[in-house]
file my_file32.tsv (TSV, C-alpha atoms)
chain	number	residue	atom	x	y	z
A	194	MET	CA	0.00	0.00	0.00
A	195	ALA	CA	2.80	2.38	0.78
A	196	ARG	CA	4.38	1.67	-2.59
A	197	PHE	CA	1.16	2.46	-4.34
A	198	LYS	CA	0.95	5.87	-2.69
A	199	LYS	CA	4.48	6.69	-3.66
A	200	SER	CA	3.91	6.12	-7.31
A	201	LYS	CA	0.94	8.45	-7.25
A	202	SER	CA	2.83	11.38	-5.83
A	203	GLU	CA	5.32	11.46	-8.72
A	204	GLY	CA	3.47	14.30	-10.48
A	205	THR	CA	1.34	14.36	-13.63
A	206	PRO	CA	2.29	11.92	-16.33
A	207	GLY	CA	3.68	13.41	-19.57
A	208	LEU	CA	1.04	14.42	-22.08
A	209	ASN	CA	1.01	12.36	-25.22
A	210	THR	CA	1.70	14.84	-27.97
A	211	GLY	CA	1.80	12.31	-30.77
A	212	SER	CA	-1.78	12.92	-31.84
A	213	MET	CA	-1.26	16.68	-31.86
A	214	SER	CA	0.56	16.42	-35.16
A	215	ASP	CA	-2.38	14.47	-36.59
A	216	ILE	CA	-4.72	17.29	-35.68
A	217	VAL	CA	-2.43	19.89	-37.16
A	218	PHE	CA	-2.05	17.87	-40.33
A	219	MET	CA	-5.80	17.71	-40.55
A	220	PHE	CA	-5.87	21.51	-40.33
A	221	LEU	CA	-3.22	21.65	-43.00
A	222	PHE	CA	-5.18	19.51	-45.43
A	223	PHE	CA	-8.32	21.47	-44.71
A	224	PHE	CA	-6.63	24.71	-45.62
A	225	MET	CA	-4.99	23.17	-48.66
A	226	VAL	CA	-8.37	22.12	-49.95
A	227	ILE	CA	-10.36	25.29	-49.35
A	228	THR	CA	-7.72	27.75	-50.48
A	229	ASN	CA	-6.05	28.20	-53.78
A	230	MET	CA	-2.54	29.29	-54.53
A	231	ARG	CA	-1.91	32.85	-55.47
A	232	GLU	CA	-1.22	32.54	-59.13
A	233	SER	CA	0.55	35.76	-59.82
A	234	SER	CA	1.65	38.60	-57.69
A	235	LEU	CA	-0.03	41.89	-58.38
A	236	TYR	CA	1.98	44.93	-59.36
A	237	ILE	CA	-1.00	47.16	-58.82
A	238	LYS	CA	-3.10	48.12	-55.85
A	239	ILE	CA	-6.62	46.78	-55.93
A	240	LYS	CA	-9.33	47.48	-53.43
A	241	VAL	CA	-12.53	46.22	-54.99
A	242	PRO	CA	-15.80	48.08	-54.43
A	243	GLN	CA	-18.53	46.65	-52.29
A	244	ALA	CA	-21.92	45.53	-53.52
A	245	SER	CA	-24.85	43.64	-52.09
A	246	GLU	CA	-26.22	41.87	-55.17
A	247	VAL	CA	-23.26	39.62	-55.71
A	248	GLN	CA	-23.06	36.15	-57.14
A	249	LYS	CA	-20.33	33.67	-56.63
A	250	LEU	CA	-18.09	32.75	-59.49
A	251	GLU	CA	-19.18	29.31	-60.52
A	252	LYS	CA	-16.24	27.67	-62.19
A	253	LYS	CA	-12.96	29.17	-61.27
A	254	SER	CA	-11.13	27.38	-64.06
A	255	LEU	CA	-13.28	29.17	-66.62
A	256	VAL	CA	-12.48	32.66	-65.48
A	257	SER	CA	-9.85	34.93	-66.90
A	258	TYR	CA	-8.89	37.90	-64.81
A	259	ILE	CA	-8.26	41.46	-65.88
A	260	ASN	CA	-6.84	43.51	-63.05
A	261	VAL	CA	-6.99	47.28	-63.09
A	262	GLY	CA	-5.43	49.61	-60.58
A	263	VAL	CA	-2.73	52.11	-59.74
A	264	PRO	CA	0.76	50.57	-59.93
A	265	ASN	CA	2.71	50.00	-56.74
A	266	ASP	CA	5.94	51.09	-58.38
A	267	GLU	CA	5.17	54.51	-59.68
A	268	HIS	CA	8.69	55.17	-60.98
A	269	LYS	CA	8.42	52.25	-63.32
A	270	TYR	CA	4.80	52.34	-64.40
A	271	GLY	CA	3.58	55.84	-63.54
A	272	ARG	CA	0.63	56.94	-61.46
A	273	GLU	CA	-2.16	56.35	-63.91
A	274	PRO	CA	-4.24	53.18	-63.48
A	275	ARG	CA	-2.85	50.30	-65.50
A	276	ILE	CA	-4.05	46.89	-66.56
A	277	GLN	CA	-2.42	43.73	-65.40
A	278	LEU	CA	-2.96	40.54	-67.35
A	279	ASN	CA	-1.48	37.37	-65.85
A	280	ASP	CA	1.75	38.66	-64.39
A	281	GLN	CA	2.60	41.68	-66.46
A	282	ILE	CA	1.43	45.23	-66.88
A	283	SER	CA	-0.26	45.51	-70.25
A	284	GLU	CA	-2.07	47.87	-72.55
A	285	VAL	CA	-5.70	47.76	-73.60
A	286	SER	CA	-4.62	46.51	-77.03
A	287	ASP	CA	-3.11	43.38	-75.43
A	288	ILE	CA	-6.50	42.17	-74.23
A	289	ALA	CA	-7.49	40.62	-77.55
A	290	GLU	CA	-4.40	38.45	-77.55
A	291	PHE	CA	-4.88	37.59	-73.89
A	292	ILE	CA	-8.43	36.41	-74.50
A	293	GLU	CA	-7.27	34.39	-77.50
A	294	ASN	CA	-4.66	32.69	-75.32
A	295	GLU	CA	-7.22	32.01	-72.62
A	296	ARG	CA	-9.51	30.43	-75.17
A	297	ALA	CA	-6.73	28.34	-76.69
A	298	ALA	CA	-5.91	26.94	-73.26
A	299	ARG	CA	-9.41	25.49	-72.83
A	300	ILE	CA	-11.04	22.59	-74.59
A	301	GLU	CA	-13.52	23.59	-77.23
A	302	ALA	CA	-16.67	22.70	-75.29
A	303	GLU	CA	-15.70	25.04	-72.48
A	304	ARG	CA	-14.85	28.05	-74.61
A	305	PRO	CA	-18.32	29.60	-74.78
A	306	MET	CA	-18.56	29.44	-71.01
A	307	LEU	CA	-15.44	31.51	-70.45
A	308	THR	CA	-16.10	34.47	-68.19
A	309	THR	CA	-13.96	37.54	-67.90
A	310	SER	CA	-13.63	38.97	-64.46
A	311	ILE	CA	-12.81	42.64	-64.20
A	312	LYS	CA	-11.10	43.20	-60.92
A	313	ALA	CA	-10.67	46.92	-60.65
A	314	ASP	CA	-9.79	49.28	-57.88
A	315	LYS	CA	-12.73	51.34	-56.75
A	316	ASP	CA	-10.95	54.62	-57.38
A	317	VAL	CA	-10.18	54.09	-61.05
A	318	ARG	CA	-12.11	56.12	-63.60
A	319	MET	CA	-14.58	54.51	-65.96
A	320	GLY	CA	-12.56	55.49	-69.05
A	321	ILE	CA	-10.20	52.56	-68.79
A	322	ILE	CA	-13.05	50.17	-67.93
A	323	VAL	CA	-15.01	51.33	-70.96
A	324	ASP	CA	-11.98	50.71	-73.18
A	325	ILE	CA	-11.63	47.20	-71.75
A	326	LYS	CA	-15.31	46.49	-72.31
A	327	GLN	CA	-15.11	47.70	-75.89
A	328	GLU	CA	-12.10	45.49	-76.50
A	329	LEU	CA	-13.90	42.49	-74.99
A	330	ARG	CA	-16.88	43.13	-77.21
A	331	ASN	CA	-14.65	43.18	-80.26
A	332	VAL	CA	-13.29	39.73	-79.47
A	333	ASN	CA	-16.72	38.43	-78.54
A	334	ALA	CA	-15.92	37.74	-74.89
A	335	LEU	CA	-19.33	38.85	-73.69
A	336	LYS	CA	-19.69	37.16	-70.33
A	337	LEU	CA	-18.43	39.57	-67.78
A	338	ILE	CA	-18.34	39.82	-64.04
A	339	TYR	CA	-17.33	42.83	-62.01
A	340	THR	CA	-15.52	41.48	-58.99
A	341	THR	CA	-16.73	43.09	-55.80
A	342	SER	CA	-16.75	42.21	-52.17
A	343	ARG	CA	-19.95	41.47	-50.36
A	344	ARG	CA	-21.76	44.03	-48.30
A	345	GLY	CA	-24.76	43.21	-46.21
A	346	LYS	CA	-28.15	44.00	-47.64
A	347	GLU	CA	-29.78	47.09	-46.26
B	199	MET	CA	12.77	-10.02	-28.04
B	200	GLY	CA	16.08	-8.24	-27.84
B	201	LYS	CA	16.60	-4.59	-27.08
B	202	LYS	CA	13.67	-2.41	-26.31
B	203	CYS	CA	13.26	0.32	-28.90
B	204	PRO	CA	13.27	3.76	-27.23
B	205	GLU	CA	10.11	5.72	-27.80
B	206	LEU	CA	10.32	8.31	-30.55
B	207	ASN	CA	9.83	11.86	-29.42
B	208	SER	CA	6.95	13.03	-31.56
B	209	GLY	CA	6.52	16.39	-29.88
B	210	SER	CA	8.53	18.22	-32.50
B	211	MET	CA	6.52	16.65	-35.27
B	212	SER	CA	3.64	18.98	-34.44
B	213	ASP	CA	6.07	21.89	-34.67
B	214	ILE	CA	6.99	20.85	-38.17
B	215	SER	CA	3.38	20.47	-39.23
B	216	PHE	CA	2.54	23.84	-37.69
B	217	LEU	CA	5.30	25.31	-39.79
B	218	LEU	CA	3.79	23.74	-42.90
B	219	LEU	CA	0.37	25.01	-41.92
B	220	THR	CA	1.62	28.56	-41.51
B	221	PHE	CA	3.36	28.34	-44.85
B	222	PHE	CA	0.18	27.32	-46.61
B	223	LEU	CA	-1.82	29.96	-44.84
B	224	LEU	CA	0.56	32.58	-46.12
B	225	VAL	CA	0.92	31.52	-49.72
B	226	SER	CA	-2.72	30.69	-50.37
B	227	SER	CA	-5.79	32.84	-50.43
B	228	ILE	CA	-9.28	31.84	-49.55
B	229	ASN	CA	-11.55	31.97	-52.53
B	230	THR	CA	-13.51	35.16	-52.10
B	231	ASP	CA	-14.31	35.93	-55.69
B	232	MET	CA	-17.77	37.33	-56.06
B	233	GLY	CA	-19.18	39.93	-58.30
B	234	ILE	CA	-21.97	41.38	-60.35
B	235	PRO	CA	-22.47	39.39	-63.54
B	236	ARG	CA	-23.22	41.28	-66.71
B	237	ARG	CA	-23.50	40.46	-70.37
B	238	LEU	CA	-22.02	42.73	-72.97
B	239	PRO	CA	-23.93	43.36	-76.17
B	240	PRO	CA	-22.44	41.64	-79.22
B	241	PRO	CA	-20.21	43.77	-81.46
B	242	ILE	CA	-22.04	46.00	-83.89
B	243	GLN	CA	-22.30	44.50	-87.35
B	244	PRO	CA	-22.13	46.93	-90.26
B	245	GLY	CA	-25.57	47.79	-91.53
B	246	MET	CA	-27.26	46.90	-88.25
B	247	VAL	CA	-29.97	49.36	-87.29
B	248	PRO	CA	-30.58	49.85	-83.57
B	249	PRO	CA	-34.14	48.90	-82.70
B	250	GLU	CA	-36.58	51.74	-82.20
B	251	VAL	CA	-37.64	52.01	-78.59
B	252	HIS	CA	-40.62	54.07	-77.58
B	253	LYS	CA	-39.83	56.92	-75.23
B	254	ARG	CA	-42.06	55.63	-72.46
B	255	ASN	CA	-40.12	52.38	-72.45
B	256	ILE	CA	-36.78	53.95	-71.61
B	257	PHE	CA	-35.61	54.90	-68.17
B	258	VAL	CA	-32.49	57.00	-68.55
B	259	VAL	CA	-29.94	56.92	-65.76
B	260	LYS	CA	-26.86	59.07	-66.16
B	261	ILE	CA	-23.76	59.49	-64.06
B	262	ASN	CA	-21.49	62.44	-64.74
B	263	SER	CA	-17.79	62.89	-64.14
B	264	GLN	CA	-18.48	64.31	-60.68
B	265	ASN	CA	-20.30	61.10	-59.73
B	266	ASN	CA	-23.67	62.84	-59.69
B	267	LEU	CA	-26.62	60.71	-60.55
B	268	LEU	CA	-29.34	61.88	-62.86
B	269	PHE	CA	-32.61	60.14	-63.56
B	270	ASP	CA	-36.10	61.36	-64.46
B	271	GLY	CA	-34.42	64.51	-65.72
B	272	GLN	CA	-33.15	65.62	-62.32
B	273	ILE	CA	-30.31	64.93	-59.95
B	274	GLY	CA	-31.31	62.01	-57.82
B	275	ASP	CA	-30.18	60.06	-54.85
B	276	LEU	CA	-28.74	56.57	-55.01
B	277	LYS	CA	-31.24	55.38	-52.42
B	278	ALA	CA	-34.22	56.53	-54.43
B	279	LEU	CA	-32.97	54.85	-57.58
B	280	ARG	CA	-33.95	51.35	-56.55
B	281	ASP	CA	-37.59	52.19	-55.86
B	282	ARG	CA	-37.83	54.27	-59.00
B	283	ALA	CA	-36.39	51.45	-61.11
B	284	LYS	CA	-38.81	48.99	-59.55
B	285	GLU	CA	-41.73	51.28	-60.23
B	286	PHE	CA	-40.57	51.74	-63.80
B	287	LEU	CA	-40.13	48.04	-64.50
B	288	SER	CA	-43.29	46.84	-62.81
B	289	ASN	CA	-45.66	49.71	-63.73
B	290	PRO	CA	-48.30	48.44	-61.30
B	291	GLN	CA	-51.05	50.86	-62.32
B	292	ASN	CA	-50.42	50.56	-66.06
B	293	LEU	CA	-49.78	54.28	-66.35
B	294	SER	CA	-49.32	55.69	-69.79
B	295	ASN	CA	-45.97	57.30	-69.05
B	296	LEU	CA	-44.44	54.05	-67.78
B	297	PRO	CA	-43.45	51.15	-70.06
B	298	GLU	CA	-45.98	49.09	-71.94
B	299	LYS	CA	-46.32	45.40	-71.35
B	300	GLU	CA	-46.70	42.53	-73.71
B	301	THR	CA	-48.25	39.19	-72.96
B	302	VAL	CA	-45.69	36.43	-73.20
B	303	ASP	CA	-46.26	32.75	-72.70
B	304	VAL	CA	-43.73	31.70	-70.09
B	305	PRO	CA	-43.26	28.00	-69.34
B	306	LEU	CA	-44.36	27.03	-65.81
B	307	LEU	CA	-45.95	30.42	-65.24
B	308	GLY	CA	-48.48	30.67	-68.04
B	309	SER	CA	-49.08	33.93	-69.81
B	310	MET	CA	-47.37	36.79	-68.06
B	311	GLN	CA	-47.38	40.53	-68.53
B	312	VAL	CA	-43.77	41.22	-69.38
B	313	SER	CA	-42.59	44.80	-69.25
B	314	LYS	CA	-40.94	46.19	-72.35
B	315	GLY	CA	-39.04	48.72	-70.27
B	316	VAL	CA	-35.33	49.16	-70.76
B	317	ILE	CA	-33.03	50.90	-68.32
B	318	SER	CA	-30.49	52.91	-70.18
B	319	LEU	CA	-27.34	53.59	-68.22
B	320	GLN	CA	-24.89	56.17	-69.39
B	321	ASN	CA	-21.73	57.19	-67.62
B	322	ASP	CA	-18.83	59.51	-68.24
B	323	ARG	CA	-15.26	58.43	-68.78
B	324	GLY	CA	-14.46	60.32	-65.60
B	325	THR	CA	-17.04	58.53	-63.44
B	326	SER	CA	-15.45	56.56	-60.67
B	327	TYR	CA	-15.70	52.81	-60.90
B	328	ASP	CA	-17.08	52.63	-57.39
B	329	MET	CA	-20.05	54.85	-58.28
B	330	TYR	CA	-20.69	52.85	-61.42
B	331	ILE	CA	-20.76	49.62	-59.44
B	332	GLN	CA	-23.09	51.15	-56.85
B	333	VAL	CA	-25.54	52.16	-59.57
B	334	GLN	CA	-25.32	48.76	-61.23
B	335	ASN	CA	-25.87	47.23	-57.83
B	336	GLU	CA	-29.00	49.28	-57.15
B	337	LEU	CA	-30.45	48.38	-60.55
B	338	MET	CA	-29.69	44.70	-60.02
B	339	ALA	CA	-31.20	44.97	-56.55
B	340	ALA	CA	-34.42	46.35	-58.04
B	341	ILE	CA	-34.62	43.46	-60.50
B	342	ASN	CA	-33.70	40.89	-57.88
B	343	GLU	CA	-36.35	42.17	-55.48
B	344	MET	CA	-39.00	41.92	-58.16
B	345	ARG	CA	-37.88	38.40	-59.02
B	346	GLU	CA	-37.97	37.47	-55.36
B	347	ASP	CA	-41.53	38.79	-55.03
B	348	LEU	CA	-42.73	36.94	-58.11
B	349	SER	CA	-41.04	33.77	-56.97
B	350	LEU	CA	-42.75	33.94	-53.59
B	351	VAL	CA	-46.12	34.45	-55.25
B	352	LYS	CA	-45.75	31.76	-57.90
B	353	PHE	CA	-43.66	29.09	-56.22
B	354	GLN	CA	-43.99	30.02	-52.53
B	355	ARG	CA	-40.24	29.85	-52.30
B	356	SER	CA	-37.35	32.23	-52.33
B	357	TYR	CA	-35.70	32.86	-55.70
B	358	SER	CA	-32.41	31.48	-54.45
B	359	GLU	CA	-34.03	28.13	-53.62
B	360	LEU	CA	-35.55	27.59	-57.04
B	361	GLY	CA	-34.40	25.01	-59.53
B	362	ASN	CA	-32.87	25.94	-62.85
B	363	GLU	CA	-36.08	25.68	-64.86
B	364	GLN	CA	-38.12	27.72	-62.43
B	365	ARG	CA	-35.40	30.31	-62.27
B	366	ALA	CA	-35.29	30.56	-66.04
B	367	ALA	CA	-39.05	31.09	-66.07
B	368	ILE	CA	-38.82	33.91	-63.57
B	369	ASP	CA	-35.94	35.45	-65.50
B	370	LYS	CA	-38.06	35.40	-68.60
B	371	ALA	CA	-40.97	37.06	-66.86
B	372	ILE	CA	-38.74	39.76	-65.39
B	373	PRO	CA	-35.85	40.28	-67.77
B	374	ALA	CA	-32.78	42.17	-66.62
B	375	SER	CA	-32.86	44.73	-69.38
B	376	ILE	CA	-30.12	47.21	-68.65
B	377	SER	CA	-28.58	48.79	-71.67
B	378	GLU	CA	-25.40	50.79	-71.56
B	379	ALA	CA	-25.04	53.77	-73.80
B	380	GLU	CA	-21.79	55.06	-75.22
B	381	PRO	CA	-20.08	57.08	-72.44
B	382	THR	CA	-19.53	60.80	-72.57
B	383	LYS	CA	-16.08	62.32	-72.44
B	384	VAL	CA	-16.49	65.34	-70.23
B	385	GLY	CA	-14.13	64.16	-67.54
B	386	GLY	CA	-11.15	63.81	-69.88
B	387	ASN	CA	-10.10	60.86	-71.97
B	388	LYS	CA	-8.41	58.90	-69.23
call {"tool": "encode", "arguments": {"input": "my_file32.tsv", "output": "structure tokens"}}
result
Amino acid sequence: MARFKKSKSEGTPGLNTGSMSDIVFMFLFFFMVITNMRESSLYIKIKVPQASEVQKLEKKSLVSYINVGVPNDEHKYGREPRIQLNDQISEVSDIAEFIENERAARIEAERPMLTTSIKADKDVRMGIIVDIKQELRNVNALKLIYTTSRRGKE
Amino acid sequence: MGKKCPELNSGSMSDISFLLLTFFLLVSSINTDMGIPRRLPPPIQPGMVPPEVHKRNIFVVKINSQNNLLFDGQIGDLKALRDRAKEFLSNPQNLSNLPEKETVDVPLLGSMQVSKGVISLQNDRGTSYDMYIQVQNELMAAINEMREDLSLVKFQRSYSELGNEQRAAIDKAIPASISEAEPTKVGGNK
């Protein structure tokens, strides 16, 4: 009986931390599944406007992004809003080629479902957006979505 | 049985996996892409004549380079735009200065009175994108509210819970007819 008491007074037994890594790995996989890698770094500042009537993008693989905003590096690209396609600063005239490339990268059945997402900073002027829209019309890329963040309904 | 294998210290394993977790949290972004869907009109073919639209069927909304909103011929407020657009599109009292309606046979709904009204949106090249989105949002909100109401009456369910066919029927009864006019150039060419 005395021996039994002694073994109890030795303090708390060490916590088994082996399963902790399992839990963390589970977290890891969860985040890997719900997130997606940043495909290209942005050279421009974008703060999208807010809207309440938003819809989610359905198929992310069928979306091509046109980013519009003021460049981070104003010595290199100036202060005027610029367009970024993939990972380079481009001109409005490059959009036609960009859309062609996006189409060529998809199988034929998916091409009509291609959507163009205009992700523009809320402070840019409409002039550049209008030019983009005109260019998209010319190449028949008519499905368009203005990327916004969600605001609660009033 | 020979030597007893010493137990592996697995405490640091969680450190490593935490490191991995942090790495993934940093390099990835949670999918937050949402937006207002729109359809551009097809490019103008040579020799195409724009369809004649009766004056009562057009609701002109203009935004100038100073982000002022104009509708009904006077400067208006963004908050009032939604109700005005709803009134224009639904024309509940069949007034003669609001758009006419035509009877269209819609599947699932039967014959419906579909408004021929078109919202014409014109902006300046100097209008801010934010203002443009807010106006688009209000107009979409007006259409969405009307669709929601019709859906509740016809199907006793919210528009977002409808199936594809039912949704298409509602869309046909309340079309999202927003047309965008060529922008003005008062606020400079940029």
call {"tool": "residues_around", "arguments": {"input": "my_file32.tsv", "residues": "Glu328 (chain A)", "least_positions_apart": "4", "cutoff": "8 Å", "atoms": "all atoms listed in the file", "output": "CSV table (one decimal) with C-alpha atoms, in the frame of the given file"}}
result
chain,number,residue,atom,x,y,z
A,285,VAL,CA,-5.7,47.8,-73.6
A,286,SER,CA,-4.6,46.5,-77.0
A,288,ILE,CA,-6.5,42.2,-74.2
A,289,ALA,CA,-7.5,40.6,-77.6
A,324,ASP,CA,-12.0,50.7,-73.2
A,332,VAL,CA,-13.3,39.7,-79.5
call {"tool": "closest_residue", "arguments": {"input": "my_file32.tsv", "among": "B:Arg355, B:Ala283, B:Asn321, B:Val304", "to": "Ala374 (chain B)", "atoms": "all atoms listed in the file"}}
result
B:Ala283
call {"tool": "interface_residues", "arguments": {"input": "my_file32.tsv", "of": "chain A", "to": "chain B", "cutoff": "8 Å", "atoms": "all atoms listed in the file", "output": "number ranges by chain"}}
result
A: 210-211, 213-215, 217-218, 220-221, 224-225, 227-231, 242-250, 313-323, 326, 330-331, 333, 335-343
call {"tool": "write_last_selection", "arguments": {"input": "my_file32.tsv", "atoms": "C-alpha atoms", "output": "short mmCIF file (atom, residue, chain, number, x, y, z; two decimals), in the coordinates of the input"}}
result
data_model
loop_
_atom_site.label_atom_id
_atom_site.label_comp_id
_atom_site.auth_asym_id
_atom_site.auth_seq_id
_atom_site.Cartn_x
_atom_site.Cartn_y
_atom_site.Cartn_z
CA THR A 210 1.70 14.84 -27.97
CA GLY A 211 1.80 12.31 -30.77
CA MET A 213 -1.26 16.68 -31.86
CA SER A 214 0.56 16.42 -35.16
CA ASP A 215 -2.38 14.47 -36.59
CA VAL A 217 -2.43 19.89 -37.16
CA PHE A 218 -2.05 17.87 -40.33
CA PHE A 220 -5.87 21.51 -40.33
CA LEU A 221 -3.22 21.65 -43.00
CA PHE A 224 -6.63 24.71 -45.62
CA MET A 225 -4.99 23.17 -48.66
CA ILE A 227 -10.36 25.29 -49.35
CA THR A 228 -7.72 27.75 -50.48
CA ASN A 229 -6.05 28.20 -53.78
CA MET A 230 -2.54 29.29 -54.53
CA ARG A 231 -1.91 32.85 -55.47
CA PRO A 242 -15.80 48.08 -54.43
CA GLN A 243 -18.53 46.65 -52.29
CA ALA A 244 -21.92 45.53 -53.52
CA SER A 245 -24.85 43.64 -52.09
CA GLU A 246 -26.22 41.87 -55.17
CA VAL A 247 -23.26 39.62 -55.71
CA GLN A 248 -23.06 36.15 -57.14
CA LYS A 249 -20.33 33.67 -56.63
CA LEU A 250 -18.09 32.75 -59.49
CA ALA A 313 -10.67 46.92 -60.65
CA ASP A 314 -9.79 49.28 -57.88
CA LYS A 315 -12.73 51.34 -56.75
CA ASP A 316 -10.95 54.62 -57.38
CA VAL A 317 -10.18 54.09 -61.05
CA ARG A 318 -12.11 56.12 -63.60
CA MET A 319 -14.58 54.51 -65.96
CA GLY A 320 -12.56 55.49 -69.05
CA ILE A 321 -10.20 52.56 -68.79
CA ILE A 322 -13.05 50.17 -67.93
CA VAL A 323 -15.01 51.33 -70.96
CA LYS A 326 -15.31 46.49 -72.31
CA ARG A 330 -16.88 43.13 -77.21
CA ASN A 331 -14.65 43.18 -80.26
CA ASN A 333 -16.72 38.43 -78.54
CA LEU A 335 -19.33 38.85 -73.69
CA LYS A 336 -19.69 37.16 -70.33
CA LEU A 337 -18.43 39.57 -67.78
CA ILE A 338 -18.34 39.82 -64.04
CA TYR A 339 -17.33 42.83 -62.01
CA THR A 340 -15.52 41.48 -58.99
CA THR A 341 -16.73 43.09 -55.80
CA SER A 342 -16.75 42.21 -52.17
CA ARG A 343 -19.95 41.47 -50.36
#
call {"tool": "atom_distance", "arguments": {"input": "my_file32.tsv", "atom1": "CA of Tyr270 (chain A)", "atom2": "CA of Arg296 (chain A)"}}
result
28.3 Å
call {"tool": "atom_distance", "arguments": {"input": "my_file32.tsv", "atom1": "CA of Glu300 (chain B)", "atom2": "CA of Arg254 (chain B)"}}
result
14.0 Å
call {"tool": "closest_residue", "arguments": {"input": "my_file32.tsv", "among": "B:Ser294, B:Gln243, B:Ser288, B:Ser356", "to": "Met344 (chain B)", "atoms": "all atoms listed in the file"}}
result
B:Ser288
call {"tool": "closest_residue", "arguments": {"input": "my_file32.tsv", "among": "B:Gln320, B:Glu363, B:Arg345, B:Tyr357", "to": "Asn266 (chain B)", "atoms": "only C-alpha atoms"}}
result
B:Gln320
call {"tool": "atom_distance", "arguments": {"input": "my_file32.tsv", "atom1": "CA of Glu284 (chain A)", "atom2": "CA of Asp266 (chain A)"}}
result
16.6 Å
call {"tool": "axis_aligned_box", "arguments": {"input": "my_file32.tsv", "around": "region 280-297 of chain A", "padding_each_side": "4 Å", "output": "lines of an AutoDock Vina configuration file"}}
result
center_x = -3.5
center_y = 38.1
center_z = -71.0
size_x = 20.1
size_y = 27.5
size_z = 21.2
